[in-house]
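Accompanying notes for the structure given below.
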Amino acid sequence: MGVIRFEKDAPAAVAPSRMFKAFVDSHNLLPKIVPQAFKSIDILQGDGGVGTIKLWNFADGGDFKHSKQRIDAFDKDNLTCKYTVYEGEGAAEIFEKAVYDVKFEASGNGGSICKVAAECHIEGDQELKEELMRDAEEKATALYNIVEAHLLANPDLYA
C-alpha cells in the first residue's frame, strides 16, 4: 500500500465562518445545489461532530457510486475538521482510505482560504494514475467554486 500526500490552498470571496458552516452542512447543501453530482448525503451515525459517519451517494453516470466519511476531529471555533473517506465504490476502490485535514482562514480581504492537506492510502499494489488525481482535483475545485458562488448569491445563508 502506498500513500500519496498533497496540499492545496483554495481562496474564496466568502468569510471563513460561512465557508466552514457550508462545509459542515454539506449533507444538506450539496445535493440541493449540485444534484447532477450528488443523489444524497445521509448521516448514518452521529450529530455532525466527532464520530459522525456520512454516506455520500453520487449521481448516476459518474466515476463514483458511493463512499463513507467519518469525522475524526472537529473544532468549530478554529474552523478545522479532519475526516476520513473510506468504503468507496467505483473509481474510489483504488483507495483504502483518504484522510483530509481542512482549515478555513481569513484572507485579509473579507474572504477566506481553505487549506487542505490529504493522505490518500492506495489499496494493495495498485497504481494511482496521474490523470485520476488531476481529474479529482479539478472536480473538487469546481465544487468549491459552486459553493462559493451559491454563498455569494445568497448572502444570508450560513451568516
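Identifiers in this document derive from the order of the C-alpha cells: chains are assigned A, B, ..., residues are numbered from 1 separately in each chain, and ligands are numbered from 1 in order of occurrence.
Counting only C-alpha atoms, range 43-54 of chain A has the following residues at most 7 Å away, ignoring those fewer than 3 positions along the same chain: Lys68, Gln69, Arg70, Ile71, Asp72, Ala73 and Phe74 of chain A.
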Mind dumping the selected residues with C-alpha atoms as a PDB file, in the first residue's frame?
ATOM      1  CA  LYS A  68     -18.429   6.873   3.571  1.00  0.00           C
ATOM      2  CA  GLN A  69     -16.955   9.773   5.502  1.00  0.00           C
ATOM      3  CA  ARG A  70     -16.101   9.723   9.214  1.00  0.00           C
ATOM      4  CA  ILE A  71     -15.415  12.925  11.175  1.00  0.00           C
ATOM      5  CA  ASP A  72     -12.223  12.335  13.175  1.00  0.00           C
ATOM      6  CA  ALA A  73     -11.689  15.827  14.640  1.00  0.00           C
ATOM      7  CA  PHE A  74     -13.890  18.900  14.645  1.00  0.00           C
TER       8      PHE A  74
END
Handout entry: Shell around Lys139 in chain A at 10 Å using only C-alpha atoms, local window under 6 positions removed, as a PyMOL selection string
Key = chain A and resi 37+133+145
Fill in the blank from the handout: Counting only C-alpha atoms, the residue among A:Asn154, A:Ser26, A:Ser112, A:Gln126 that lies closest to Pro11 in chain A is A:Ser112
Practice task
Using DSSP on the backbone coordinates, identify all residues within range 66-131 of chain A classified as helix (DSSP H, G or I); present the result as a list of chain:residue names.
Solution key: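 Answer for range 66-131 of chain A, restricted to helix (DSSP H, G or I): A:Ala91, A:Ala92, A:Glu93, A:Ile94, A:Glu130, A:Glu131.
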Requested write-out: N, CA and C atoms of the selected residues, as a short mmCIF file (atom, residue, chain, number, x, y, z; two decimals), in the first residue's frame:
data_model
loop_
_atom_site.label_atom_id
_atom_site.label_comp_id
_atom_site.auth_asym_id
_atom_site.auth_seq_id
_atom_site.Cartn_x
_atom_site.Cartn_y
_atom_site.Cartn_z
N ALA A 91 -14.65 4.30 -9.00
CA ALA A 91 -13.24 4.66 -9.15
C ALA A 91 -12.56 4.80 -7.80
N ALA A 92 -13.32 5.03 -6.74
CA ALA A 92 -12.76 5.19 -5.40
C ALA A 92 -12.20 3.89 -4.84
N GLU A 93 -12.46 2.76 -5.51
CA GLU A 93 -11.99 1.47 -5.00
C GLU A 93 -10.47 1.36 -5.00
N ILE A 94 -9.78 2.23 -5.68
CA ILE A 94 -8.32 2.21 -5.67
C ILE A 94 -7.78 2.65 -4.31
N GLU A 130 -1.96 9.49 -12.71
CA GLU A 130 -1.90 10.93 -12.53
C GLU A 130 -3.17 11.60 -13.04
N GLU A 131 -3.76 11.08 -14.11
CA GLU A 131 -4.97 11.68 -14.68
C GLU A 131 -6.14 11.58 -13.71
#
Fill in the blank from the handout: One residue among A:Asp156, A:Asp135, A:Glu96, A:Asp101 is nearest to Ala22 in chain A when using only C-alpha atoms, and that residue is A:Asp156
Practice task
Tell me which protein, DNA and RNA residues are within 9 Å of Cys114 in chain A, counting only C-alpha atoms, leaving out same-chain ones fewer than 5 positions away, and put them as a list of chain:residue names.
Solution key: A:Lys8, A:Asp9, A:Ala10, A:Pro11, A:Ala12, A:Pro16, A:Met19, A:Phe20, A:Val102, A:Lys103, A:Phe104, A:Glu105, A:Ala106
Exercise for the section: Check the smallest atom-to-atom distance from each of A:Ala15, A:Val116, A:Leu55, A:Ile4 to Glu89 in chain A using only C-alpha atoms, then report the winner. Expected result: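 Looking only at the distances to Glu89 in chain A, the closest residue turns out to be A:Leu55.
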Exercise for the section: Kindly indicate which residue among A:Trp56, A:Glu137, A:Phe6, A:Tyr83 lies nearest to Asn28 in chain A, using only C-alpha atoms for the distances. Expected result: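 Of A:Trp56, A:Glu137, A:Phe6, A:Tyr83, the one nearest Asn28 in chain A, counting only C-alpha atoms, is A:Trp56.
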Practice task
Find the residue from A:Ala117, A:Val99, A:Ala13, A:Leu143 that sits nearest to Phe38 in chain A; use only C-alpha atoms when measuring.
Solution key: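 Among the listed residues, A:Leu143 lies closest to Phe38 in chain A.
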Practice task
Return as a ChimeraX atom specification the full set of residues in range 67-114 of chain A whose backbone-based DSSP assignment is strand (DSSP E or B).
Solution key: /A:67-75,80-90,95-106,112-114
Handout entry: Distance of CA of Lys82 in chain A from CA of Lys21 in chain A, expressed in Å to one decimal place
Key = 14.6 Å
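With distances restricted to only C-alpha atoms, A:His66 is the closest residue to Lys39 in chain A from A:Arg134, A:Arg18, A:His66, A:His121.
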Exercise for the section: Quick one: pull the distance between CA of Cys81 in chain A and CA of Pro35 in chain A, Å, one decimal. Expected result: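 Value for the CA of Cys81 in chain A-CA of Pro35 in chain A distance: 24.4 Å.
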